[in-house]
Amino acid sequence: MAKEIKQKRLIFDIVLVFILLVVATAALFVWKSLGGGAAQKTDAVVVVREGNEIIAELPLNVNIEKTVGSGATNRIKIEDGTVRMISSTCPGYQDCVELGKISLVGEKIVCLPNRISVSIEE
Amino acid sequence: MRVKNSAKKLALLSVTLALSMIFSYVETFIPTILPGVKLGLANALTIFLIYSVDIWSGVGVSLVRIFLSTLLFGSFPIGLVYSFFGWALSFLTMLLVKRLTPFGIVGVSTLGAIMHNLGQTLAACLIMQSAELIIYFLPLLLSGTIAGAFVGALSALLVKKLGGKLPHKK
(Lines give C-alpha, C1' and ligand atoms only; values in the text may rest on other atoms or scores of the structure.)
Protein backbone atom coordinates (compact mmCIF):
# COMPACT_ATOMS: atom_id res chain seq x y z
CA MET A 1 0.00 0.00 0.00
CA ALA A 2 2.67 2.47 1.05
CA LYS A 3 4.77 1.35 -1.88
CA GLU A 4 1.88 2.03 -4.24
CA ILE A 5 1.53 5.58 -2.94
CA LYS A 6 5.26 6.11 -3.28
CA GLN A 7 5.19 4.90 -6.86
CA LYS A 8 2.26 7.18 -7.64
CA ARG A 9 4.13 10.15 -6.17
CA LEU A 10 7.18 9.32 -8.27
CA ILE A 11 5.06 9.31 -11.44
CA PHE A 12 3.47 12.63 -10.44
CA ASP A 13 6.94 14.07 -9.80
CA ILE A 14 8.33 12.90 -13.13
CA VAL A 15 5.34 14.36 -14.99
CA LEU A 16 5.68 17.63 -13.04
CA VAL A 17 9.40 17.98 -13.75
CA PHE A 18 8.83 17.16 -17.40
CA ILE A 19 6.10 19.79 -17.76
CA LEU A 20 8.23 22.35 -15.92
CA LEU A 21 11.18 21.61 -18.20
CA VAL A 22 9.02 22.25 -21.27
CA VAL A 23 7.59 25.48 -19.81
CA ALA A 24 11.04 26.63 -18.67
CA THR A 25 12.59 25.99 -22.07
CA ALA A 26 9.79 28.03 -23.64
CA ALA A 27 10.45 30.76 -21.05
CA LEU A 28 14.13 30.75 -21.97
CA PHE A 29 13.24 31.34 -25.62
CA VAL A 30 10.86 34.15 -24.65
CA TRP A 31 13.66 35.71 -22.60
CA LYS A 32 16.07 35.40 -25.52
CA SER A 33 13.56 37.00 -27.89
CA LEU A 34 12.98 39.84 -25.43
CA GLY A 35 16.62 40.83 -25.53
CA GLY A 36 18.67 37.99 -24.09
CA GLY A 37 20.07 37.37 -27.56
CA ALA A 38 19.46 40.57 -29.49
CA ALA A 39 21.76 41.51 -32.32
CA GLN A 40 24.88 43.52 -31.57
CA LYS A 41 24.60 47.19 -32.34
CA THR A 42 27.65 49.38 -32.59
CA ASP A 43 25.74 52.58 -31.90
CA ALA A 44 24.25 51.23 -28.69
CA VAL A 45 24.47 53.14 -25.41
CA VAL A 46 25.72 51.84 -22.09
CA VAL A 47 23.29 53.04 -19.46
CA VAL A 48 24.38 53.00 -15.83
CA ARG A 49 21.71 53.21 -13.17
CA GLU A 50 21.85 53.57 -9.44
CA GLY A 51 18.56 52.30 -8.16
CA ASN A 52 16.16 53.66 -10.73
CA GLU A 53 18.15 56.76 -11.57
CA ILE A 54 20.36 57.01 -14.64
CA ILE A 55 23.79 58.16 -13.48
CA ALA A 56 25.74 57.75 -16.70
CA GLU A 57 25.23 57.15 -20.39
CA LEU A 58 28.25 56.12 -22.42
CA PRO A 59 28.63 55.07 -26.05
CA LEU A 60 29.45 51.39 -26.45
CA ASN A 61 31.96 52.02 -29.24
CA VAL A 62 34.30 54.30 -27.26
CA ASN A 63 36.80 52.58 -25.01
CA ILE A 64 36.74 53.96 -21.49
CA GLU A 65 37.23 53.00 -17.86
CA LYS A 66 35.01 54.74 -15.34
CA THR A 67 34.09 54.53 -11.68
CA VAL A 68 30.38 54.89 -11.08
CA GLY A 69 28.11 55.17 -8.10
CA SER A 70 27.89 57.33 -5.03
CA GLY A 71 29.34 55.83 -1.89
CA ALA A 72 29.46 52.17 -2.89
CA THR A 73 31.10 52.21 -6.29
CA ASN A 74 31.73 49.97 -9.26
CA ARG A 75 34.40 50.33 -11.90
CA ILE A 76 33.18 49.59 -15.40
CA LYS A 77 35.24 49.13 -18.53
CA ILE A 78 34.03 49.58 -22.08
CA GLU A 79 36.35 47.99 -24.57
CA ASP A 80 35.83 47.05 -28.23
CA GLY A 81 32.05 47.02 -27.99
CA THR A 82 31.89 45.08 -24.74
CA VAL A 83 31.19 46.21 -21.19
CA ARG A 84 32.26 44.58 -17.99
CA MET A 85 32.45 45.38 -14.33
CA ILE A 86 36.13 45.19 -13.44
CA SER A 87 35.74 45.83 -9.75
CA SER A 88 33.14 46.50 -7.15
CA THR A 89 33.13 47.60 -3.55
CA CYS A 90 30.38 45.12 -2.74
CA PRO A 91 31.28 42.36 -0.32
CA GLY A 92 30.72 38.70 -1.03
CA TYR A 93 30.34 36.87 -4.31
CA GLN A 94 30.70 39.83 -6.67
CA ASP A 95 28.43 38.30 -9.26
CA CYS A 96 28.70 41.45 -11.34
CA VAL A 97 32.46 41.04 -11.75
CA GLU A 98 32.18 37.28 -12.23
CA LEU A 99 29.57 37.69 -14.94
CA GLY A 100 32.18 39.02 -17.37
CA LYS A 101 31.50 40.87 -20.60
CA ILE A 102 28.22 41.84 -22.17
CA SER A 103 27.93 43.20 -25.66
CA LEU A 104 24.35 42.86 -26.90
CA VAL A 105 21.41 45.23 -26.70
CA GLY A 106 19.20 44.15 -23.83
CA GLU A 107 22.00 42.57 -21.80
CA LYS A 108 22.50 43.78 -18.29
CA ILE A 109 24.97 43.52 -15.44
CA VAL A 110 23.46 44.11 -12.05
CA CYS A 111 25.35 44.69 -8.82
CA LEU A 112 22.59 44.07 -6.32
CA PRO A 113 24.44 45.09 -3.13
CA ASN A 114 25.43 48.47 -4.58
CA ARG A 115 22.12 48.89 -6.45
CA ILE A 116 24.03 49.65 -9.61
CA SER A 117 23.07 48.25 -12.97
CA VAL A 118 24.78 48.52 -16.34
CA SER A 119 22.70 47.80 -19.40
CA ILE A 120 23.18 48.10 -23.12
CA GLU A 121 20.35 49.93 -24.78
CA GLU A 122 19.54 51.23 -28.23
CA MET B 1 9.79 16.79 20.72
CA ARG B 2 10.35 14.58 23.71
CA VAL B 3 12.49 16.19 26.39
CA LYS B 4 14.32 12.94 27.05
CA ASN B 5 15.90 12.99 23.63
CA SER B 6 16.44 16.70 23.24
CA ALA B 7 20.25 16.42 23.45
CA LYS B 8 20.28 13.89 20.65
CA LYS B 9 18.01 16.06 18.59
CA LEU B 10 20.16 19.12 19.24
CA ALA B 11 23.22 17.18 18.13
CA LEU B 12 21.44 16.00 14.99
CA LEU B 13 20.29 19.51 14.08
CA SER B 14 23.78 20.91 14.74
CA VAL B 15 25.40 18.37 12.45
CA THR B 16 22.79 19.09 9.78
CA LEU B 17 23.38 22.82 10.12
CA ALA B 18 27.15 22.37 9.86
CA LEU B 19 26.76 20.24 6.73
CA SER B 20 24.36 22.70 5.12
CA MET B 21 26.85 25.51 5.81
CA ILE B 22 29.53 23.50 4.03
CA PHE B 23 27.19 22.98 1.07
CA SER B 24 26.49 26.72 0.92
CA TYR B 25 30.22 27.45 1.10
CA VAL B 26 31.22 24.93 -1.56
CA GLU B 27 28.64 26.41 -3.92
CA THR B 28 30.32 29.79 -3.82
CA PHE B 29 33.18 28.23 -5.79
CA ILE B 30 30.96 27.14 -8.65
CA PRO B 31 31.02 29.86 -11.32
CA THR B 32 27.56 30.93 -12.48
CA ILE B 33 26.35 31.81 -15.96
CA LEU B 34 23.78 34.21 -14.55
CA PRO B 35 23.40 35.53 -11.02
CA GLY B 36 20.89 33.39 -9.19
CA VAL B 37 21.75 30.19 -11.00
CA LYS B 38 22.87 27.74 -8.37
CA LEU B 39 22.42 24.19 -7.24
CA GLY B 40 20.96 24.81 -3.79
CA LEU B 41 22.51 21.72 -2.25
CA ALA B 42 21.84 22.97 1.26
CA ASN B 43 18.13 22.69 0.56
CA ALA B 44 18.52 18.91 0.43
CA LEU B 45 19.14 19.05 4.17
CA THR B 46 16.15 21.30 4.78
CA ILE B 47 13.93 18.84 2.92
CA PHE B 48 15.50 15.97 4.80
CA LEU B 49 14.62 17.66 8.09
CA ILE B 50 11.04 18.41 7.01
CA TYR B 51 10.48 14.80 6.00
CA SER B 52 12.48 12.90 8.61
CA VAL B 53 12.39 15.11 11.71
CA ASP B 54 9.80 17.87 11.81
CA ILE B 55 8.86 21.15 10.20
CA TRP B 56 10.24 23.35 12.97
CA SER B 57 13.67 21.73 12.75
CA GLY B 58 13.60 22.55 9.04
CA VAL B 59 12.61 26.16 9.73
CA GLY B 60 15.23 26.61 12.44
CA VAL B 61 18.19 25.05 10.67
CA SER B 62 17.50 26.73 7.31
CA LEU B 63 16.94 30.16 8.88
CA VAL B 64 20.16 29.96 10.90
CA ARG B 65 21.94 28.67 7.81
CA ILE B 66 20.92 31.58 5.57
CA PHE B 67 21.82 34.05 8.28
CA LEU B 68 25.25 32.54 8.92
CA SER B 69 26.16 31.86 5.29
CA THR B 70 25.20 35.38 4.24
CA LEU B 71 27.25 36.73 7.14
CA LEU B 72 30.26 34.54 6.37
CA PHE B 73 30.27 34.09 2.59
CA GLY B 74 27.75 36.59 1.25
CA SER B 75 27.18 40.31 1.11
CA PHE B 76 25.89 40.70 4.60
CA PRO B 77 23.10 43.12 5.24
CA ILE B 78 21.54 43.28 1.79
CA GLY B 79 22.25 39.68 0.84
CA LEU B 80 20.10 38.61 3.74
CA VAL B 81 17.08 40.31 2.17
CA TYR B 82 17.50 38.21 -0.97
CA SER B 83 18.15 35.05 0.98
CA PHE B 84 15.16 35.67 3.20
CA PHE B 85 12.76 36.39 0.33
CA GLY B 86 13.92 33.26 -1.47
CA TRP B 87 13.75 31.23 1.70
CA ALA B 88 10.29 32.40 2.76
CA LEU B 89 8.65 31.77 -0.59
CA SER B 90 10.44 28.49 -1.10
CA PHE B 91 9.78 27.11 2.36
CA LEU B 92 6.12 28.04 2.31
CA THR B 93 5.71 26.48 -1.12
CA MET B 94 7.43 23.28 -0.05
CA LEU B 95 5.21 22.92 3.00
CA LEU B 96 2.03 23.54 1.02
CA VAL B 97 3.05 21.20 -1.78
CA LYS B 98 3.98 18.50 0.72
CA ARG B 99 0.67 18.85 2.58
CA LEU B 100 -1.82 19.53 -0.15
CA THR B 101 -0.61 17.89 -3.33
CA PRO B 102 0.12 14.33 -4.40
CA PHE B 103 3.68 15.25 -5.33
CA GLY B 104 6.65 13.54 -3.72
CA ILE B 105 10.03 14.84 -2.58
CA VAL B 106 11.27 15.65 -6.09
CA GLY B 107 8.14 17.69 -6.78
CA VAL B 108 8.45 19.51 -3.45
CA SER B 109 12.10 20.30 -4.11
CA THR B 110 11.58 21.43 -7.71
CA LEU B 111 8.67 23.75 -6.91
CA GLY B 112 10.60 25.01 -3.88
CA ALA B 113 13.63 25.80 -6.03
CA ILE B 114 11.53 27.69 -8.57
CA MET B 115 9.83 29.71 -5.86
CA HIS B 116 13.23 30.44 -4.31
CA ASN B 117 14.30 31.97 -7.62
CA LEU B 118 11.04 33.89 -7.88
CA GLY B 119 11.45 35.20 -4.33
CA GLN B 120 14.96 36.42 -5.04
CA THR B 121 13.92 38.01 -8.32
CA LEU B 122 11.08 39.81 -6.52
CA ALA B 123 13.54 40.97 -3.86
CA ALA B 124 15.77 42.31 -6.63
CA CYS B 125 12.80 44.15 -8.16
CA LEU B 126 12.01 45.72 -4.80
CA ILE B 127 15.55 46.71 -3.90
CA MET B 128 16.42 47.99 -7.37
CA GLN B 129 12.98 49.61 -7.67
CA SER B 130 12.63 48.19 -11.12
CA ALA B 131 9.78 45.88 -12.07
CA GLU B 132 11.43 44.92 -15.33
CA LEU B 133 14.04 42.86 -13.50
CA ILE B 134 11.33 40.25 -13.11
CA ILE B 135 12.30 39.14 -16.61
CA TYR B 136 15.30 37.40 -15.05
CA PHE B 137 12.90 34.89 -13.64
CA LEU B 138 12.43 33.42 -17.13
CA PRO B 139 15.90 31.92 -17.55
CA LEU B 140 16.00 31.04 -13.84
CA LEU B 141 12.90 28.89 -14.34
CA LEU B 142 14.96 26.39 -16.31
CA SER B 143 17.95 26.35 -13.98
CA GLY B 144 15.62 26.16 -10.99
CA THR B 145 13.77 23.17 -12.41
CA ILE B 146 16.95 21.26 -13.18
CA ALA B 147 18.65 22.10 -9.88
CA GLY B 148 15.48 21.49 -7.89
CA ALA B 149 14.90 18.07 -9.44
CA PHE B 150 18.52 17.09 -8.79
CA VAL B 151 18.44 18.27 -5.18
CA GLY B 152 15.07 16.55 -4.77
CA ALA B 153 16.51 13.24 -5.88
CA LEU B 154 19.37 13.73 -3.43
CA SER B 155 16.90 14.54 -0.63
CA ALA B 156 14.85 11.45 -1.42
CA LEU B 157 18.00 9.38 -1.09
CA LEU B 158 18.85 11.03 2.24
CA VAL B 159 15.36 10.45 3.62
CA LYS B 160 15.37 6.85 2.45
CA LYS B 161 18.83 5.96 3.75
CA LEU B 162 18.96 8.02 6.93
CA GLY B 163 15.35 8.89 7.74
CA GLY B 164 14.65 5.73 9.70
CA LYS B 165 17.97 5.67 11.53
CA LEU B 166 17.86 8.98 13.34
CA PRO B 167 19.07 8.72 16.94
CA HIS B 168 16.44 11.06 18.37
CA LYS B 169 13.69 8.69 17.30
CA LYS B 170 15.08 5.71 19.20
# chains A, B, ... in the order shown; residues from 1 in each chain; ligands from 1

call {"tool": "residues_around", "arguments": {"residues": "Tyr136 in chain B", "least_positions_apart": "4", "cutoff": "9 Å", "atoms": "only C-alpha atoms", "output": "list of chain:residue names"}}
result
A:Trp31, B:Thr121, B:Glu132, B:Leu140, B:Leu141

call {"tool": "write_last_selection", "arguments": {"atoms": "all heavy atoms", "output": "short mmCIF file (atom, residue, chain, number, x, y, z; two decimals), in the first residue's frame"}}
result
data_model
loop_
_atom_site.label_atom_id
_atom_site.label_comp_id
_atom_site.auth_asym_id
_atom_site.auth_seq_id
_atom_site.Cartn_x
_atom_site.Cartn_y
_atom_site.Cartn_z
N TRP A 31 12.65 34.80 -23.15
CA TRP A 31 13.66 35.71 -22.60
C TRP A 31 14.66 36.12 -23.66
O TRP A 31 15.01 37.29 -23.80
CB TRP A 31 14.37 35.01 -21.44
CG TRP A 31 15.45 35.82 -20.81
CD1 TRP A 31 15.31 37.01 -20.17
CD2 TRP A 31 16.84 35.50 -20.76
NE1 TRP A 31 16.53 37.45 -19.71
CE2 TRP A 31 17.48 36.54 -20.06
CE3 TRP A 31 17.60 34.43 -21.23
CZ2 TRP A 31 18.85 36.54 -19.83
CZ3 TRP A 31 18.96 34.43 -21.01
CH2 TRP A 31 19.58 35.49 -20.30
N THR B 121 14.14 37.05 -7.24
CA THR B 121 13.92 38.01 -8.32
C THR B 121 13.02 39.14 -7.83
O THR B 121 13.26 40.31 -8.12
CB THR B 121 13.27 37.32 -9.54
OG1 THR B 121 13.93 36.08 -9.79
CG2 THR B 121 13.39 38.18 -10.77
N GLU B 132 11.04 45.67 -14.14
CA GLU B 132 11.43 44.92 -15.33
C GLU B 132 12.47 43.83 -15.04
O GLU B 132 12.69 42.93 -15.85
CB GLU B 132 11.94 45.86 -16.42
CG GLU B 132 13.23 46.57 -16.04
CD GLU B 132 13.66 47.57 -17.11
OE1 GLU B 132 12.78 48.31 -17.61
OE2 GLU B 132 14.84 47.59 -17.44
N LEU B 140 15.80 31.74 -15.11
CA LEU B 140 16.00 31.04 -13.84
C LEU B 140 15.02 29.88 -13.68
O LEU B 140 15.27 28.94 -12.93
CB LEU B 140 15.83 32.01 -12.66
CG LEU B 140 16.95 33.03 -12.47
CD1 LEU B 140 16.65 33.92 -11.29
CD2 LEU B 140 18.29 32.34 -12.27
N LEU B 141 13.91 29.96 -14.41
CA LEU B 141 12.90 28.89 -14.34
C LEU B 141 13.53 27.56 -14.76
O LEU B 141 13.29 26.52 -14.13
CB LEU B 141 11.74 29.25 -15.27
CG LEU B 141 10.40 28.55 -15.09
CD1 LEU B 141 9.89 28.68 -13.68
CD2 LEU B 141 9.38 29.11 -16.06
#

call {"tool": "residues_around", "arguments": {"residues": "range 4-19 of chain A", "least_positions_apart": "6", "cutoff": "9 Å", "atoms": "only C-alpha atoms", "output": "list in words"}}
result
Pro102, Phe103, Gly104, Ile105, Val106, Gly107, Val108, Thr110, Leu111, Thr145, Ile146 and Ala149 of chain B

call {"tool": "closest_atom_pairs", "arguments": {"of": "chain A", "to": "chain B", "cutoff": "10 Å", "atoms": "only C-alpha atoms", "output": "JSON lines"}}
result
{"residue": "A:Ile5", "atom": "CA", "partner": "B:Pro102", "partner_atom": "CA", "distance": 9.0}
{"residue": "A:Lys6", "atom": "CA", "partner": "B:Gly104", "partner_atom": "CA", "distance": 7.6}
{"residue": "A:Gln7", "atom": "CA", "partner": "B:Gly104", "partner_atom": "CA", "distance": 9.3}
{"residue": "A:Lys8", "atom": "CA", "partner": "B:Pro102", "partner_atom": "CA", "distance": 8.1}
{"residue": "A:Arg9", "atom": "CA", "partner": "B:Gly104", "partner_atom": "CA", "distance": 4.9}
{"residue": "A:Leu10", "atom": "CA", "partner": "B:Gly104", "partner_atom": "CA", "distance": 6.2}
{"residue": "A:Ile11", "atom": "CA", "partner": "B:Phe103", "partner_atom": "CA", "distance": 8.6}
{"residue": "A:Phe12", "atom": "CA", "partner": "B:Phe103", "partner_atom": "CA", "distance": 5.7}
{"residue": "A:Asp13", "atom": "CA", "partner": "B:Gly107", "partner_atom": "CA", "distance": 4.9}
{"residue": "A:Ile14", "atom": "CA", "partner": "B:Gly107", "partner_atom": "CA", "distance": 8.0}
{"residue": "A:Val15", "atom": "CA", "partner": "B:Gly107", "partner_atom": "CA", "distance": 9.3}
{"residue": "A:Leu16", "atom": "CA", "partner": "B:Gly107", "partner_atom": "CA", "distance": 6.7}
{"residue": "A:Val17", "atom": "CA", "partner": "B:Thr145", "partner_atom": "CA", "distance": 6.9}
{"residue": "A:Phe18", "atom": "CA", "partner": "B:Thr145", "partner_atom": "CA", "distance": 9.2}
{"residue": "A:Ile19", "atom": "CA", "partner": "B:Thr145", "partner_atom": "CA", "distance": 9.9}
{"residue": "A:Leu20", "atom": "CA", "partner": "B:Thr145", "partner_atom": "CA", "distance": 6.6}
{"residue": "A:Leu21", "atom": "CA", "partner": "B:Leu142", "partner_atom": "CA", "distance": 6.4}
{"residue": "A:Val22", "atom": "CA", "partner": "B:Leu142", "partner_atom": "CA", "distance": 8.8}
{"residue": "A:Val23", "atom": "CA", "partner": "B:Leu142", "partner_atom": "CA", "distance": 8.2}
{"residue": "A:Ala24", "atom": "CA", "partner": "B:Leu142", "partner_atom": "CA", "distance": 4.6}
{"residue": "A:Thr25", "atom": "CA", "partner": "B:Leu142", "partner_atom": "CA", "distance": 6.2}
{"residue": "A:Ala26", "atom": "CA", "partner": "B:Leu138", "partner_atom": "CA", "distance": 8.8}
{"residue": "A:Ala27", "atom": "CA", "partner": "B:Leu138", "partner_atom": "CA", "distance": 5.1}
{"residue": "A:Leu28", "atom": "CA", "partner": "B:Pro139", "partner_atom": "CA", "distance": 4.9}
{"residue": "A:Phe29", "atom": "CA", "partner": "B:Pro139", "partner_atom": "CA", "distance": 8.5}
{"residue": "A:Val30", "atom": "CA", "partner": "B:Leu138", "partner_atom": "CA", "distance": 7.7}
{"residue": "A:Trp31", "atom": "CA", "partner": "B:Leu138", "partner_atom": "CA", "distance": 6.0}
{"residue": "A:Lys32", "atom": "CA", "partner": "B:Pro139", "partner_atom": "CA", "distance": 8.7}
{"residue": "A:Leu34", "atom": "CA", "partner": "B:Ile135", "partner_atom": "CA", "distance": 8.9}
{"residue": "A:Gly36", "atom": "CA", "partner": "B:Pro139", "partner_atom": "CA", "distance": 9.3}
{"residue": "A:Arg49", "atom": "CA", "partner": "B:Met128", "partner_atom": "CA", "distance": 9.4}
{"residue": "A:Glu50", "atom": "CA", "partner": "B:Met128", "partner_atom": "CA", "distance": 8.1}
{"residue": "A:Gly51", "atom": "CA", "partner": "B:Met128", "partner_atom": "CA", "distance": 4.9}
{"residue": "A:Asn52", "atom": "CA", "partner": "B:Gln129", "partner_atom": "CA", "distance": 6.0}
{"residue": "A:Glu53", "atom": "CA", "partner": "B:Gln129", "partner_atom": "CA", "distance": 9.6}
{"residue": "A:Cys90", "atom": "CA", "partner": "B:Ser75", "partner_atom": "CA", "distance": 6.9}
{"residue": "A:Pro91", "atom": "CA", "partner": "B:Ser75", "partner_atom": "CA", "distance": 4.8}
{"residue": "A:Gly92", "atom": "CA", "partner": "B:Gly74", "partner_atom": "CA", "distance": 4.3}
{"residue": "A:Tyr93", "atom": "CA", "partner": "B:Gly74", "partner_atom": "CA", "distance": 6.1}
{"residue": "A:Gln94", "atom": "CA", "partner": "B:Ser75", "partner_atom": "CA", "distance": 8.6}
{"residue": "A:Asp95", "atom": "CA", "partner": "B:Pro35", "partner_atom": "CA", "distance": 6.0}
{"residue": "A:Cys96", "atom": "CA", "partner": "B:Pro35", "partner_atom": "CA", "distance": 8.0}
{"residue": "A:Glu98", "atom": "CA", "partner": "B:Pro31", "partner_atom": "CA", "distance": 7.6}
{"residue": "A:Leu99", "atom": "CA", "partner": "B:Leu34", "partner_atom": "CA", "distance": 6.8}
{"residue": "A:Gly100", "atom": "CA", "partner": "B:Ile33", "partner_atom": "CA", "distance": 9.4}
{"residue": "A:Lys108", "atom": "CA", "partner": "B:Leu133", "partner_atom": "CA", "distance": 9.8}
{"residue": "A:Ile109", "atom": "CA", "partner": "B:Pro35", "partner_atom": "CA", "distance": 9.3}
{"residue": "A:Val110", "atom": "CA", "partner": "B:Pro35", "partner_atom": "CA", "distance": 8.6}
{"residue": "A:Cys111", "atom": "CA", "partner": "B:Met128", "partner_atom": "CA", "distance": 9.6}
{"residue": "A:Leu112", "atom": "CA", "partner": "B:Ala124", "partner_atom": "CA", "distance": 7.0}
{"residue": "A:Pro113", "atom": "CA", "partner": "B:Ile78", "partner_atom": "CA", "distance": 6.0}
{"residue": "A:Asn114", "atom": "CA", "partner": "B:Ile78", "partner_atom": "CA", "distance": 9.1}
{"residue": "A:Arg115", "atom": "CA", "partner": "B:Met128", "partner_atom": "CA", "distance": 5.8}
{"residue": "A:Ile116", "atom": "CA", "partner": "B:Met128", "partner_atom": "CA", "distance": 8.1}
{"residue": "A:Ser117", "atom": "CA", "partner": "B:Met128", "partner_atom": "CA", "distance": 8.7}

call {"tool": "residues_around", "arguments": {"residues": "range 63-75 of chain A", "least_positions_apart": "6", "cutoff": "7 Å", "atoms": "only C-alpha atoms", "output": "PyMOL selection string"}}
result
chain A and resi 50+85-89+114

call {"tool": "write_last_selection", "arguments": {"atoms": "all heavy atoms", "output": "PDB file, in the first residue's frame"}}
result
ATOM      1  N   GLU A  50      21.714  53.831 -10.875  1.00  0.00           N
ATOM      2  CA  GLU A  50      21.852  53.569  -9.444  1.00  0.00           C
ATOM      3  C   GLU A  50      20.434  53.579  -8.904  1.00  0.00           C
ATOM      4  O   GLU A  50      19.758  54.610  -8.898  1.00  0.00           O
ATOM      5  CB  GLU A  50      22.699  54.640  -8.767  1.00  0.00           C
ATOM      6  CG  GLU A  50      22.999  54.295  -7.315  1.00  0.00           C
ATOM      7  CD  GLU A  50      24.101  55.180  -6.747  1.00  0.00           C
ATOM      8  OE1 GLU A  50      24.429  56.210  -7.359  1.00  0.00           O
ATOM      9  OE2 GLU A  50      24.630  54.834  -5.673  1.00  0.00           O
ATOM     10  N   MET A  85      32.192  44.774 -15.623  1.00  0.00           N
ATOM     11  CA  MET A  85      32.447  45.378 -14.328  1.00  0.00           C
ATOM     12  C   MET A  85      33.829  44.851 -13.936  1.00  0.00           C
ATOM     13  O   MET A  85      34.004  43.633 -13.816  1.00  0.00           O
ATOM     14  CB  MET A  85      31.379  44.855 -13.350  1.00  0.00           C
ATOM     15  CG  MET A  85      30.964  45.789 -12.293  1.00  0.00           C
ATOM     16  SD  MET A  85      29.765  46.968 -12.914  1.00  0.00           S
ATOM     17  CE  MET A  85      28.261  46.370 -12.182  1.00  0.00           C
ATOM     18  N   ILE A  86      34.811  45.734 -13.779  1.00  0.00           N
ATOM     19  CA  ILE A  86      36.129  45.188 -13.443  1.00  0.00           C
ATOM     20  C   ILE A  86      36.363  45.148 -11.943  1.00  0.00           C
ATOM     21  O   ILE A  86      37.197  44.385 -11.466  1.00  0.00           O
ATOM     22  CB  ILE A  86      37.286  45.928 -14.164  1.00  0.00           C
ATOM     23  CG1 ILE A  86      37.173  47.434 -13.985  1.00  0.00           C
ATOM     24  CG2 ILE A  86      37.319  45.556 -15.619  1.00  0.00           C
ATOM     25  CD1 ILE A  86      38.355  48.172 -14.585  1.00  0.00           C
ATOM     26  N   SER A  87      35.636  45.971 -11.204  1.00  0.00           N
ATOM     27  CA  SER A  87      35.738  45.834  -9.752  1.00  0.00           C
ATOM     28  C   SER A  87      34.508  46.433  -9.095  1.00  0.00           C
ATOM     29  O   SER A  87      33.782  47.206  -9.699  1.00  0.00           O
ATOM     30  CB  SER A  87      37.004  46.507  -9.222  1.00  0.00           C
ATOM     31  OG  SER A  87      36.882  47.900  -9.376  1.00  0.00           O
ATOM     32  N   SER A  88      34.304  46.022  -7.866  1.00  0.00           N
ATOM     33  CA  SER A  88      33.136  46.499  -7.152  1.00  0.00           C
ATOM     34  C   SER A  88      33.463  46.528  -5.670  1.00  0.00           C
ATOM     35  O   SER A  88      34.243  45.730  -5.174  1.00  0.00           O
ATOM     36  CB  SER A  88      31.966  45.556  -7.417  1.00  0.00           C
ATOM     37  OG  SER A  88      30.929  45.809  -6.500  1.00  0.00           O
ATOM     38  N   THR A  89      32.873  47.509  -4.992  1.00  0.00           N
ATOM     39  CA  THR A  89      33.132  47.599  -3.549  1.00  0.00           C
ATOM     40  C   THR A  89      32.220  46.653  -2.758  1.00  0.00           C
ATOM     41  O   THR A  89      32.336  46.559  -1.549  1.00  0.00           O
ATOM     42  CB  THR A  89      32.869  49.023  -3.033  1.00  0.00           C
ATOM     43  OG1 THR A  89      31.545  49.397  -3.416  1.00  0.00           O
ATOM     44  CG2 THR A  89      33.867  50.000  -3.583  1.00  0.00           C
ATOM     45  N   ASN A 114      25.206  47.035  -4.398  1.00  0.00           N
ATOM     46  CA  ASN A 114      25.433  48.472  -4.582  1.00  0.00           C
ATOM     47  C   ASN A 114      24.279  49.158  -5.306  1.00  0.00           C
ATOM     48  O   ASN A 114      24.319  50.359  -5.543  1.00  0.00           O
ATOM     49  CB  ASN A 114      26.722  48.709  -5.369  1.00  0.00           C
ATOM     50  CG  ASN A 114      27.952  48.379  -4.543  1.00  0.00           C
ATOM     51  OD1 ASN A 114      27.833  48.014  -3.387  1.00  0.00           O
ATOM     52  ND2 ASN A 114      29.120  48.506  -5.143  1.00  0.00           N
TER      53      ASN A 114
END

call {"tool": "atom_distance", "arguments": {"atom1": "CA of Lys9 in chain B", "atom2": "CA of Gly60 in chain B"}}
result
12.5 Å

call {"tool": "residues_around", "arguments": {"residues": "Met115 in chain B", "least_positions_apart": "5", "cutoff": "8 Å", "atoms": "only C-alpha atoms", "output": "MDAnalysis selection string"}}
result
chainID B and resid 86 89:90 93

call {"tool": "write_last_selection", "arguments": {"atoms": "N, CA and C atoms", "output": "PDB file, in the first residue's frame"}}
result
ATOM      1  N   GLY B  86      13.866  34.565  -0.817  1.00  0.00           N
ATOM      2  CA  GLY B  86      13.921  33.258  -1.470  1.00  0.00           C
ATOM      3  C   GLY B  86      13.512  32.162  -0.506  1.00  0.00           C
ATOM      4  N   LEU B  89       9.529  32.248   0.477  1.00  0.00           N
ATOM      5  CA  LEU B  89       8.645  31.769  -0.590  1.00  0.00           C
ATOM      6  C   LEU B  89       8.841  30.275  -0.832  1.00  0.00           C
ATOM      7  N   SER B  90      10.117  29.882  -0.832  1.00  0.00           N
ATOM      8  CA  SER B  90      10.441  28.488  -1.103  1.00  0.00           C
ATOM      9  C   SER B  90       9.927  27.575   0.008  1.00  0.00           C
ATOM     10  N   THR B  93       6.147  27.303   0.010  1.00  0.00           N
ATOM     11  CA  THR B  93       5.712  26.480  -1.123  1.00  0.00           C
ATOM     12  C   THR B  93       5.932  25.004  -0.832  1.00  0.00           C
TER      13      THR B  93
END

call {"tool": "atom_distance", "arguments": {"atom1": "CA of Val151 in chain B", "atom2": "CA of Ser69 in chain B"}}
result
18.8 Å

call {"tool": "atom_distance", "arguments": {"atom1": "CA of Thr82 in chain A", "atom2": "CA of Leu39 in chain B"}}
result
28.9 Å

call {"tool": "closest_residue", "arguments": {"among": "B:Ile30, B:Leu122, B:Val64, B:Leu49", "to": "Val81 in chain B", "atoms": "only C-alpha atoms"}}
result
B:Leu122

call {"tool": "select_by_dssp", "arguments": {"residues": "range 24-139 of chain B", "states": "alpha helix (DSSP H)", "output": "number ranges by chain"}}
result
B: 24-27, 42-52, 55-73, 76-100, 105-128, 137-139

call {"tool": "select_by_dssp", "arguments": {"residues": "chain A", "states": "strand (DSSP E)", "output": "PyMOL selection string"}}
result
chain A and resi 45-50+53-59+64-68+74-79+82-88+108-111+116-121
